[in-house]
>>> print(open('structure26.csv').read())   # CSV, C-alpha atoms
chain,number,residue,atom,x,y,z
T,5,MET,CA,87.7,24.3,-9.7
T,6,ARG,CA,85.2,25.4,-12.2
T,7,PHE,CA,85.8,28.4,-14.5
T,8,GLU,CA,82.7,30.3,-15.2
T,9,GLY,CA,82.3,33.5,-17.3
T,10,ILE,CA,84.6,36.1,-18.7
T,11,TYR,CA,88.2,35.8,-17.7
T,12,THR,CA,90.3,38.9,-18.7
T,13,PRO,CA,94.0,38.3,-19.4
T,14,VAL,CA,95.1,41.6,-18.0
T,15,ILE,CA,97.5,43.9,-19.8
T,16,THR,CA,100.5,45.3,-18.0
T,17,PRO,CA,100.5,49.1,-18.1
T,18,PHE,CA,103.9,50.7,-18.6
T,19,HIS,CA,105.2,54.2,-18.2
T,20,SER,CA,106.7,55.9,-21.2
T,21,ASP,CA,110.1,54.6,-20.1
T,22,ALA,CA,108.7,51.0,-20.2
T,23,THR,CA,108.8,50.5,-16.4
T,24,ILE,CA,105.7,49.0,-14.9
T,25,ASP,CA,103.0,51.4,-13.9
T,26,ARG,CA,101.8,49.7,-10.7
T,27,GLU,CA,99.2,52.3,-9.8
T,28,ALA,CA,97.7,52.1,-13.3
T,29,PHE,CA,97.6,48.3,-13.0
T,30,THR,CA,95.6,48.4,-9.8
T,31,ARG,CA,93.2,51.0,-11.4
T,32,LEU,CA,92.7,48.6,-14.3
T,33,LEU,CA,92.0,45.7,-12.0
T,34,ASP,CA,89.3,47.7,-10.2
T,35,HIS,CA,87.8,48.8,-13.5
T,36,LEU,CA,87.5,45.2,-14.8
T,37,ILE,CA,86.1,43.9,-11.5
T,38,ASN,CA,83.5,46.8,-11.3
T,39,ALA,CA,82.6,46.1,-15.0
T,40,GLY,CA,81.6,42.6,-14.0
T,41,VAL,CA,84.2,40.3,-15.4
T,42,HIS,CA,84.2,36.9,-13.6
T,43,GLY,CA,87.9,36.3,-13.3
T,44,LEU,CA,91.3,37.7,-14.1
T,45,VAL,CA,94.5,36.1,-15.7
T,46,LEU,CA,97.9,37.6,-14.9
T,47,GLY,CA,101.1,36.8,-16.7
T,48,GLY,CA,99.6,35.6,-20.0
T,49,THR,CA,100.6,36.6,-23.5
T,50,THR,CA,98.4,39.7,-23.2
T,51,GLY,CA,100.3,40.7,-20.1
T,52,GLU,CA,103.6,40.6,-21.9
T,53,TYR,CA,105.1,38.1,-19.4
T,54,TYR,CA,107.8,37.2,-21.9
T,55,ALA,CA,109.2,40.8,-21.8
T,56,GLN,CA,109.4,41.0,-18.0
T,57,THR,CA,112.1,40.1,-15.6
T,58,THR,CA,111.7,37.4,-12.9
T,59,GLU,CA,111.5,40.1,-10.3
T,60,GLU,CA,108.7,41.9,-12.1
T,61,ARG,CA,106.7,38.8,-12.7
T,62,VAL,CA,106.8,37.8,-9.0
T,63,ASP,CA,106.1,41.3,-7.8
T,64,MET,CA,103.0,41.5,-10.0
T,65,MET,CA,101.7,38.3,-8.6
T,66,HIS,CA,101.8,39.6,-5.1
T,67,LEU,CA,100.4,43.0,-6.1
T,68,ALA,CA,97.5,41.4,-8.0
T,69,VAL,CA,96.6,39.0,-5.2
T,70,GLU,CA,96.7,41.7,-2.6
T,71,HIS,CA,94.7,44.2,-4.6
T,72,ILE,CA,92.1,41.8,-5.8
T,73,ALA,CA,91.6,40.6,-2.3
T,74,GLY,CA,89.4,37.7,-3.3
T,75,ARG,CA,86.8,39.7,-5.2
T,76,VAL,CA,87.2,37.5,-8.3
T,77,PRO,CA,89.4,34.4,-9.0
T,78,LEU,CA,92.9,35.1,-10.2
T,79,VAL,CA,94.8,32.7,-12.5
T,80,VAL,CA,98.5,33.3,-12.7
T,81,GLY,CA,100.5,32.4,-15.8
T,82,VAL,CA,103.7,30.5,-15.0
T,83,SER,CA,104.9,29.7,-18.5
T,84,ALA,CA,108.7,29.7,-19.1
T,85,LEU,CA,111.2,28.1,-21.5
T,86,ARG,CA,112.9,26.0,-18.8
T,87,THR,CA,110.8,23.6,-16.7
T,88,GLU,CA,112.8,24.7,-13.6
T,89,ASP,CA,111.8,28.4,-14.2
T,90,ALA,CA,108.1,27.5,-14.7
T,91,ALA,CA,108.1,25.5,-11.5
T,92,MET,CA,109.7,28.4,-9.7
T,93,TYR,CA,107.0,30.7,-10.9
T,94,ALA,CA,104.4,28.2,-9.9
T,95,GLY,CA,105.8,28.1,-6.4
T,96,HIS,CA,105.7,31.9,-6.2
T,97,ALA,CA,102.1,31.9,-7.4
T,98,ARG,CA,101.1,29.5,-4.6
T,99,GLU,CA,103.0,31.6,-2.1
T,100,ALA,CA,101.3,34.8,-3.3
T,101,GLY,CA,97.9,33.3,-3.0
T,102,ALA,CA,96.8,32.6,-6.6
T,103,ASP,CA,93.6,30.6,-7.1
T,104,ALA,CA,95.0,28.7,-10.1
T,105,ILE,CA,97.9,28.7,-12.5
T,106,LEU,CA,98.1,28.8,-16.3
T,107,ILE,CA,100.7,26.5,-17.9
T,108,GLY,CA,101.6,26.6,-21.6
T,109,SER,CA,104.1,24.5,-23.5
T,110,PRO,CA,107.7,25.7,-23.5
T,111,TYR,CA,108.2,27.6,-26.7
T,112,TYR,CA,111.0,27.1,-29.2
T,113,ALA,CA,112.2,23.7,-27.8
T,114,VAL,CA,109.4,21.8,-29.6
T,115,PRO,CA,109.0,19.0,-27.1
T,116,THR,CA,107.0,15.8,-27.7
T,117,GLU,CA,103.6,15.4,-26.1
T,118,ARG,CA,105.2,13.1,-23.5
T,119,GLU,CA,107.8,15.7,-22.7
T,120,ILE,CA,105.1,18.5,-22.5
T,121,ALA,CA,103.1,16.3,-20.1
T,122,LEU,CA,106.2,15.7,-17.9
T,123,HIS,CA,106.9,19.4,-17.9
T,124,CYS,CA,103.4,20.3,-16.9
T,125,LEU,CA,103.2,17.7,-14.2
T,126,GLU,CA,106.4,18.9,-12.6
T,127,VAL,CA,105.2,22.5,-12.7
T,128,GLU,CA,101.9,21.5,-11.1
T,129,ARG,CA,103.7,19.7,-8.3
T,130,ALA,CA,105.5,23.0,-7.4
T,131,ALA,CA,102.1,24.7,-6.8
T,132,ASP,CA,99.5,22.0,-6.1
T,133,LEU,CA,96.9,24.4,-7.4
T,134,PRO,CA,94.1,24.0,-10.0
T,135,VAL,CA,95.6,24.2,-13.5
T,136,MET,CA,94.3,25.8,-16.7
T,137,LEU,CA,96.4,24.5,-19.5
T,138,TYR,CA,97.2,26.8,-22.4
T,139,ASN,CA,97.2,25.2,-25.9
T,140,PHE,CA,98.6,27.8,-28.3
T,141,PRO,CA,100.5,25.9,-31.0
T,142,SER,CA,101.0,28.9,-33.3
T,143,ARG,CA,103.2,30.4,-30.6
T,144,THR,CA,104.8,27.3,-29.0
T,145,GLY,CA,105.1,25.1,-32.1
T,146,VAL,CA,103.6,22.1,-30.5
T,147,MET,CA,100.0,20.8,-29.8
T,148,MET,CA,98.7,19.5,-26.5
T,149,GLY,CA,97.2,16.5,-28.2
T,150,ASP,CA,95.5,13.3,-27.1
T,151,GLU,CA,98.7,11.6,-25.7
T,152,PHE,CA,99.4,14.7,-23.6
T,153,LEU,CA,95.8,15.0,-22.4
T,154,ASP,CA,95.6,11.3,-21.5
T,155,ARG,CA,98.7,11.7,-19.3
T,156,VAL,CA,97.8,14.9,-17.4
T,157,GLY,CA,94.1,14.2,-17.3
T,158,ARG,CA,94.7,11.6,-14.6
T,159,ASN,CA,95.6,14.4,-12.2
T,160,PRO,CA,92.5,16.2,-10.9
T,161,ASN,CA,94.3,19.5,-10.7
T,162,PHE,CA,94.4,19.7,-14.5
T,163,CYS,CA,90.8,20.8,-14.7
T,164,ALA,CA,90.7,23.2,-17.7
T,165,ILE,CA,92.3,24.1,-21.0
T,166,LYS,CA,92.4,27.4,-22.7
T,167,GLU,CA,92.2,26.2,-26.3
T,168,SER,CA,93.8,28.6,-28.7
T,169,SER,CA,94.6,26.3,-31.6
T,170,GLY,CA,91.9,27.7,-33.9
T,171,ASP,CA,91.0,24.1,-34.9
T,172,ILE,CA,87.3,23.7,-34.3
T,173,ASN,CA,87.8,19.9,-34.3
T,174,ARG,CA,89.7,20.3,-31.1
T,175,LEU,CA,86.6,21.7,-29.5
T,176,HIS,CA,84.6,18.7,-30.6
T,177,ALA,CA,87.3,16.3,-29.3
T,178,LEU,CA,87.6,18.1,-25.9
T,179,ALA,CA,83.8,18.1,-25.4
T,180,ARG,CA,83.4,14.5,-26.4
T,181,ASP,CA,86.5,12.7,-25.2
T,182,TYR,CA,87.8,14.9,-22.3
T,183,PRO,CA,84.7,16.2,-20.4
T,184,HIS,CA,86.7,16.2,-17.2
T,185,ILE,CA,89.0,18.9,-18.6
T,186,GLN,CA,86.9,22.0,-19.0
T,187,ALA,CA,87.2,23.5,-22.4
T,188,CYS,CA,87.7,27.3,-22.2
T,189,CYS,CA,87.5,29.4,-25.3
T,190,GLY,CA,90.8,31.0,-26.1
T,191,MET,CA,90.1,31.8,-29.8
T,192,ASP,CA,87.8,34.9,-29.8
T,193,ASP,CA,86.2,34.3,-33.2
T,194,GLN,CA,85.0,30.9,-32.1
T,195,ALA,CA,83.3,32.0,-28.8
T,196,LEU,CA,79.8,31.3,-30.1
T,197,GLU,CA,80.8,27.8,-31.1
T,198,TYR,CA,82.4,27.1,-27.8
T,199,PHE,CA,79.3,28.2,-25.9
T,200,ALA,CA,77.1,26.1,-28.2
T,201,TRP,CA,79.2,23.0,-27.2
T,202,GLY,CA,78.9,23.7,-23.5
T,203,ALA,CA,81.9,25.8,-22.7
T,204,ARG,CA,81.2,28.1,-19.7
T,205,ALA,CA,84.4,30.2,-19.7
T,206,TRP,CA,86.0,32.6,-22.2
T,207,VAL,CA,89.5,34.0,-21.8
T,208,CYS,CA,89.3,37.0,-24.0
T,209,ALA,CA,91.9,39.8,-24.3
T,210,GLY,CA,89.4,42.2,-25.9
T,211,SER,CA,87.5,42.3,-22.6
T,212,ASN,CA,90.4,44.5,-21.3
T,213,PHE,CA,88.7,47.4,-23.1
T,214,LEU,CA,85.2,46.1,-24.0
T,215,PRO,CA,84.2,44.1,-20.9
T,216,ALA,CA,80.4,44.9,-21.3
T,217,GLU,CA,80.2,43.6,-24.8
T,218,HIS,CA,82.0,40.3,-24.0
T,219,ILE,CA,79.9,39.8,-20.9
T,220,ALA,CA,76.8,40.5,-23.1
T,221,LEU,CA,77.7,37.5,-25.4
T,222,TYR,CA,78.3,35.3,-22.4
T,223,GLN,CA,75.1,36.3,-20.8
T,224,ALA,CA,73.0,35.7,-23.9
T,225,CYS,CA,74.5,32.3,-24.7
T,226,VAL,CA,75.5,30.7,-21.5
T,227,VAL,CA,73.3,32.3,-18.8
T,228,GLU,CA,70.1,32.7,-20.9
T,229,GLY,CA,70.6,30.2,-23.6
T,230,ASP,CA,69.5,32.8,-26.2
T,231,PHE,CA,71.6,31.9,-29.2
T,232,THR,CA,69.5,34.0,-31.5
T,233,ARG,CA,70.6,37.1,-29.6
T,234,GLY,CA,74.1,35.6,-29.2
T,235,ARG,CA,74.5,35.3,-33.0
T,236,ARG,CA,73.5,39.0,-33.4
T,237,ILE,CA,76.1,40.1,-30.8
T,238,MET,CA,78.7,37.8,-32.2
T,239,SER,CA,78.1,39.2,-35.7
T,240,ALA,CA,78.7,42.7,-34.3
T,241,MET,CA,81.9,41.6,-32.6
T,242,LEU,CA,83.4,39.6,-35.4
T,243,PRO,CA,85.2,42.5,-37.2
T,244,LEU,CA,87.1,43.2,-34.0
T,245,MET,CA,87.8,39.5,-33.3
T,246,ARG,CA,89.1,39.0,-36.8
T,247,THR,CA,91.4,42.1,-36.4
T,248,LEU,CA,92.7,40.6,-33.1
T,249,GLU,CA,93.1,37.0,-34.2
T,250,GLN,CA,94.2,37.5,-37.8
T,251,GLY,CA,95.5,41.1,-38.0
T,252,GLY,CA,99.1,40.2,-36.9
T,253,LYS,CA,99.3,42.9,-34.3
T,254,PHE,CA,97.4,41.4,-31.5
T,255,LEU,CA,98.9,42.9,-28.4
T,256,GLN,CA,99.4,46.3,-30.0
T,257,SER,CA,95.7,46.4,-30.8
T,258,ILE,CA,94.7,45.4,-27.3
T,259,LYS,CA,96.7,48.2,-25.8
T,260,HIS,CA,95.6,50.8,-28.3
T,261,GLY,CA,92.0,49.7,-27.7
T,262,ALA,CA,92.5,50.2,-24.0
T,263,ARG,CA,94.0,53.7,-24.5
T,264,TYR,CA,91.2,54.6,-26.9
T,265,VAL,CA,88.5,54.0,-24.3
T,266,GLY,CA,90.4,55.9,-21.7
T,267,LEU,CA,92.1,53.1,-19.7
T,268,PRO,CA,95.7,53.2,-18.6
T,269,ALA,CA,97.8,51.0,-20.8
T,270,GLY,CA,101.0,52.7,-21.8
T,271,PRO,CA,103.2,51.4,-24.7
T,272,VAL,CA,104.1,47.8,-25.6
T,273,ARG,CA,107.5,46.6,-24.7
T,274,LYS,CA,110.2,45.9,-27.3
T,275,PRO,CA,110.5,44.1,-29.6
T,276,LEU,CA,106.9,45.1,-30.4
T,277,ARG,CA,106.0,48.5,-31.8
T,278,GLU,CA,102.8,50.5,-31.8
T,279,LEU,CA,100.1,50.5,-34.5
T,280,ASN,CA,100.7,53.0,-37.3
T,281,LYS,CA,98.1,55.8,-37.8
T,282,ASP,CA,96.1,54.0,-40.4
T,283,GLU,CA,95.9,50.8,-38.3
T,284,ALA,CA,94.9,52.8,-35.2
T,285,ARG,CA,92.1,54.7,-37.0
T,286,ALA,CA,90.8,51.4,-38.5
T,287,LEU,CA,90.7,49.8,-35.0
T,288,GLU,CA,89.0,52.8,-33.5
T,289,THR,CA,86.3,52.7,-36.2
T,290,THR,CA,85.8,49.0,-35.5
T,291,ILE,CA,85.4,49.6,-31.8
T,292,ARG,CA,82.9,52.4,-32.2
T,293,THR,CA,80.8,50.4,-34.6
T,294,LEU,CA,80.8,47.4,-32.4
T,295,GLN,CA,79.8,49.4,-29.3
T,296,THR,CA,76.9,51.0,-31.1
T,297,ALA,CA,75.7,47.7,-32.5
T,298,VAL,CA,75.8,45.8,-29.2
T,299,ARG,CA,74.1,48.7,-27.3
T,300,GLN,CA,71.3,48.6,-29.9
T,301,ILE,CA,70.9,44.8,-29.6
T,302,GLU,CA,70.8,45.1,-25.8
T,303,ARG,CA,68.3,48.0,-25.8
T,304,THR,CA,66.0,46.1,-28.2
T,305,THR,CA,66.2,43.0,-26.0
T,306,SER,CA,65.3,45.0,-22.9
T,307,ALA,CA,62.4,46.6,-24.6
T,308,THR,CA,61.1,43.3,-25.9
T,309,ASN,CA,61.4,41.8,-22.4
T,310,ARG,CA,59.5,44.7,-20.9
T,311,GLU,CA,56.7,44.3,-23.4
T,312,ALA,CA,56.5,40.6,-22.7
T,313,GLU,CA,56.4,41.3,-18.9
T,314,ASN,CA,53.6,43.8,-19.4
T,315,VAL,CA,51.6,41.3,-21.4
T,316,ARG,CA,52.0,38.6,-18.7
T,317,THR,CA,51.0,41.1,-16.0
T,318,ALA,CA,47.9,42.2,-17.9
T,319,HIS,CA,46.8,38.5,-18.2
T,320,ALA,CA,47.6,37.6,-14.7
>>> encode(input="structure26.csv", output="structure tokens")
Amino acid sequence: MRFEGIYTPVITPFHSDATIDREAFTRLLDHLINAGVHGLVLGGTTGEYYAQTTEERVDMMHLAVEHIAGRVPLVVGVSALRTEDAAMYAGHAREAGADAILIGSPYYAVPTEREIALHCLEVERAADLPVMLYNFPSRTGVMMGDEFLDRVGRNPNFCAIKESSGDINRLHALARDYPHIQACCGMDDQALEYFAWGARAWVCAGSNFLPAEHIALYQACVVEGDFTRGRRIMSAMLPLMRTLEQGGKFLQSIKHGARYVGLPAGPVRKPLRELNKDEARALETTIRTLQTAVRQIERTTSATNREAENVRTAHA
């Protein structure tokens, strides 16, 4: 399986009492698909999988598959602390009809690279589906390094890795030494660099509430190869990306951003708490500025393209 385009790790909308708002979730899926995202990820960090019960996670798998109905690929996160639990979720993902699964390292246990590999291989066997690995050492405490990649890379189901280490040297190593494992951008403020090195997929939480702007960067860099425009779009988006990646309140910002643009999101689940008023106002200002800047870049590009087409037509 090849991953192409913008993959949105979907938030889980909650009611005010913190129960899952299933109707809002399906509306959000429709909104993202209609906005043009190329794939969806369920049960990732952005979806607050860690704060959900087993029954909720499995129910959401079936709900998502049934509602998406093949319109875009669905990757289902199956991460868990215990290998047996992750394998169980992988089996449910296959049963539900997922297109691929997302596997991260078990957190807190701090396994070796050999142990992480054995964990992932056992989880993959329970699903026999394409796998997008999830390397996020700041959350798990361990790196999916060369020893790990050498072991799992022999299995063709391990076809991609969402790289969220923040180490740009990892991108270079993946592109050079592991071309059979597709490098997918998982660090928003490095998206331009990933595209320059040939990455064709970006798993970006901000696309929950700004899909058009994220698609614009992908379109410029990957589809059209216009990195001059891509740099302008990236420059406009960097303040938001820095807020998300370095601000310390990642999920709270994603959900507030969704609510700010009128999407159903609801609160975050405990132990997290909402942004304070100053943080919320600062995020809203960042979003408005970004939207205005990207719209202007796209309008200018459209006008330039029209002028060029008129010149070509006149000389035809």
>>> atom_distance(input="structure26.csv", atom1="atom CA of Lys281 of chain T", atom2="atom CA of Ala209 of chain T")
21.8 Å
>>> closest_residue(input="structure26.csv", among="T:Phe199, T:Ser306, T:Gly261, T:Leu242", to="Val226 of chain T", atoms="all atoms listed in the file")
T:Phe199
>>> residues_around(input="structure26.csv", residues="segment 6-9 of chain T", least_positions_apart="3", cutoff="7 Å", atoms="only C-alpha atoms", output="MDAnalysis selection string")
chainID T and resid 42 204:206 222
>>> closest_atom_pairs(input="structure26.csv", of="segment 208-280 of chain T", to="segment 24-41 of chain T", cutoff="8 Å", atoms="only C-alpha atoms", output="JSON lines")
{"residue": "T:Asn212", "atom": "CA", "partner": "T:Leu36", "partner_atom": "CA", "distance": 7.2}
{"residue": "T:Pro215", "atom": "CA", "partner": "T:Ala39", "partner_atom": "CA", "distance": 6.4}
{"residue": "T:Ala216", "atom": "CA", "partner": "T:Ala39", "partner_atom": "CA", "distance": 6.8}
{"residue": "T:Ile219", "atom": "CA", "partner": "T:Val41", "partner_atom": "CA", "distance": 7.0}
{"residue": "T:Leu267", "atom": "CA", "partner": "T:Leu32", "partner_atom": "CA", "distance": 7.1}
{"residue": "T:Pro268", "atom": "CA", "partner": "T:Ala28", "partner_atom": "CA", "distance": 5.8}
{"residue": "T:Ala269", "atom": "CA", "partner": "T:Ala28", "partner_atom": "CA", "distance": 7.6}
>>> write_last_selection(input="structure26.csv", atoms="C-alpha atoms", output="PDB file, in the coordinates of the input")
ATOM      1  CA  ASN T 212      90.400  44.500 -21.300  1.00  0.00           C
ATOM      2  CA  PRO T 215      84.200  44.100 -20.900  1.00  0.00           C
ATOM      3  CA  ALA T 216      80.400  44.900 -21.300  1.00  0.00           C
ATOM      4  CA  ILE T 219      79.900  39.800 -20.900  1.00  0.00           C
ATOM      5  CA  LEU T 267      92.100  53.100 -19.700  1.00  0.00           C
ATOM      6  CA  PRO T 268      95.700  53.200 -18.600  1.00  0.00           C
ATOM      7  CA  ALA T 269      97.800  51.000 -20.800  1.00  0.00           C
TER       8      ALA T 269
END
>>> residues_around(input="structure26.csv", residues="segment 102-113 of chain T", least_positions_apart="3", cutoff="6 Å", atoms="all atoms listed in the file", output="list in words")
Pro77, Leu78, Val79, Val80, Gly81, Val82, Ser83, Leu85, Ala97, Arg98, Leu133, Pro134, Val135, Met136, Leu137, Tyr138 and Thr144 of chain T
>>> write_last_selection(input="structure26.csv", atoms="C-alpha atoms", output="PDB file, in the coordinates of the input")
ATOM      1  CA  PRO T  77      89.400  34.400  -9.000  1.00  0.00           C
ATOM      2  CA  LEU T  78      92.900  35.100 -10.200  1.00  0.00           C
ATOM      3  CA  VAL T  79      94.800  32.700 -12.500  1.00  0.00           C
ATOM      4  CA  VAL T  80      98.500  33.300 -12.700  1.00  0.00           C
ATOM      5  CA  GLY T  81     100.500  32.400 -15.800  1.00  0.00           C
ATOM      6  CA  VAL T  82     103.700  30.500 -15.000  1.00  0.00           C
ATOM      7  CA  SER T  83     104.900  29.700 -18.500  1.00  0.00           C
ATOM      8  CA  LEU T  85     111.200  28.100 -21.500  1.00  0.00           C
ATOM      9  CA  ALA T  97     102.100  31.900  -7.400  1.00  0.00           C
ATOM     10  CA  ARG T  98     101.100  29.500  -4.600  1.00  0.00           C
ATOM     11  CA  LEU T 133      96.900  24.400  -7.400  1.00  0.00           C
ATOM     12  CA  PRO T 134      94.100  24.000 -10.000  1.00  0.00           C
ATOM     13  CA  VAL T 135      95.600  24.200 -13.500  1.00  0.00           C
ATOM     14  CA  MET T 136      94.300  25.800 -16.700  1.00  0.00           C
ATOM     15  CA  LEU T 137      96.400  24.500 -19.500  1.00  0.00           C
ATOM     16  CA  TYR T 138      97.200  26.800 -22.400  1.00  0.00           C
ATOM     17  CA  THR T 144     104.800  27.300 -29.000  1.00  0.00           C
TER      18      THR T 144
END
>>> closest_residue(input="structure26.csv", among="T:Leu276, T:Ala307, T:Met147, T:Leu248", to="Arg118 of chain T", atoms="all atoms listed in the file")
T:Met147
>>> closest_residue(input="structure26.csv", among="T:Asp230, T:Glu197, T:Glu217, T:Asp282", to="Ala297 of chain T", atoms="all atoms listed in the file")
T:Glu217
>>> closest_residue(input="structure26.csv", among="T:Thr50, T:Thr305, T:Gln194, T:Asn139", to="Thr232 of chain T", atoms="only C-alpha atoms")
T:Thr305
>>> residues_near_point(input="structure26.csv", point="(92.3, 47.6, -29.3)", cutoff="8 Å", atoms="all atoms listed in the file", output="PyMOL selection string")
chain T and resi 210+213+248+256-264+287-288+291
>>> atom_distance(input="structure26.csv", atom1="atom CA of Ala55 of chain T", atom2="atom CA of Lys274 of chain T")
7.6 Å
>>> residues_around(input="structure26.csv", residues="Leu175 of chain T", least_positions_apart="2", cutoff="12 Å", atoms="all atoms listed in the file", output="PDB file with C-alpha atoms, keeping the file's coordinate frame")
ATOM      1  CA  ASN T 139      97.200  25.200 -25.900  1.00  0.00           C
ATOM      2  CA  GLY T 149      97.200  16.500 -28.200  1.00  0.00           C
ATOM      3  CA  ILE T 165      92.300  24.100 -21.000  1.00  0.00           C
ATOM      4  CA  LYS T 166      92.400  27.400 -22.700  1.00  0.00           C
ATOM      5  CA  GLU T 167      92.200  26.200 -26.300  1.00  0.00           C
ATOM      6  CA  SER T 168      93.800  28.600 -28.700  1.00  0.00           C
ATOM      7  CA  SER T 169      94.600  26.300 -31.600  1.00  0.00           C
ATOM      8  CA  GLY T 170      91.900  27.700 -33.900  1.00  0.00           C
ATOM      9  CA  ASP T 171      91.000  24.100 -34.900  1.00  0.00           C
ATOM     10  CA  ILE T 172      87.300  23.700 -34.300  1.00  0.00           C
ATOM     11  CA  ASN T 173      87.800  19.900 -34.300  1.00  0.00           C
ATOM     12  CA  ALA T 177      87.300  16.300 -29.300  1.00  0.00           C
ATOM     13  CA  LEU T 178      87.600  18.100 -25.900  1.00  0.00           C
ATOM     14  CA  ALA T 179      83.800  18.100 -25.400  1.00  0.00           C
ATOM     15  CA  ARG T 180      83.400  14.500 -26.400  1.00  0.00           C
ATOM     16  CA  ASP T 181      86.500  12.700 -25.200  1.00  0.00           C
ATOM     17  CA  TYR T 182      87.800  14.900 -22.300  1.00  0.00           C
ATOM     18  CA  PRO T 183      84.700  16.200 -20.400  1.00  0.00           C
ATOM     19  CA  ILE T 185      89.000  18.900 -18.600  1.00  0.00           C
ATOM     20  CA  GLN T 186      86.900  22.000 -19.000  1.00  0.00           C
ATOM     21  CA  ALA T 187      87.200  23.500 -22.400  1.00  0.00           C
ATOM     22  CA  CYS T 188      87.700  27.300 -22.200  1.00  0.00           C
ATOM     23  CA  CYS T 189      87.500  29.400 -25.300  1.00  0.00           C
ATOM     24  CA  GLY T 190      90.800  31.000 -26.100  1.00  0.00           C
ATOM     25  CA  MET T 191      90.100  31.800 -29.800  1.00  0.00           C
ATOM     26  CA  GLN T 194      85.000  30.900 -32.100  1.00  0.00           C
ATOM     27  CA  ALA T 195      83.300  32.000 -28.800  1.00  0.00           C
ATOM     28  CA  LEU T 196      79.800  31.300 -30.100  1.00  0.00           C
ATOM     29  CA  GLU T 197      80.800  27.800 -31.100  1.00  0.00           C
ATOM     30  CA  TYR T 198      82.400  27.100 -27.800  1.00  0.00           C
ATOM     31  CA  PHE T 199      79.300  28.200 -25.900  1.00  0.00           C
ATOM     32  CA  ALA T 200      77.100  26.100 -28.200  1.00  0.00           C
ATOM     33  CA  TRP T 201      79.200  23.000 -27.200  1.00  0.00           C
ATOM     34  CA  GLY T 202      78.900  23.700 -23.500  1.00  0.00           C
ATOM     35  CA  ALA T 203      81.900  25.800 -22.700  1.00  0.00           C
TER      36      ALA T 203
END
>>> atom_distance(input="structure26.csv", atom1="atom CA of Gly157 of chain T", atom2="atom CA of Val76 of chain T")
25.9 Å
>>> closest_residue(input="structure26.csv", among="T:Arg143, T:Ala220, T:Thr247, T:Val227", to="Arg303 of chain T", atoms="only C-alpha atoms")
T:Ala220
>>> closest_residue(input="structure26.csv", among="T:Leu153, T:Tyr93, T:Leu44, T:Arg299", to="Ala68 of chain T", atoms="only C-alpha atoms")
T:Leu44
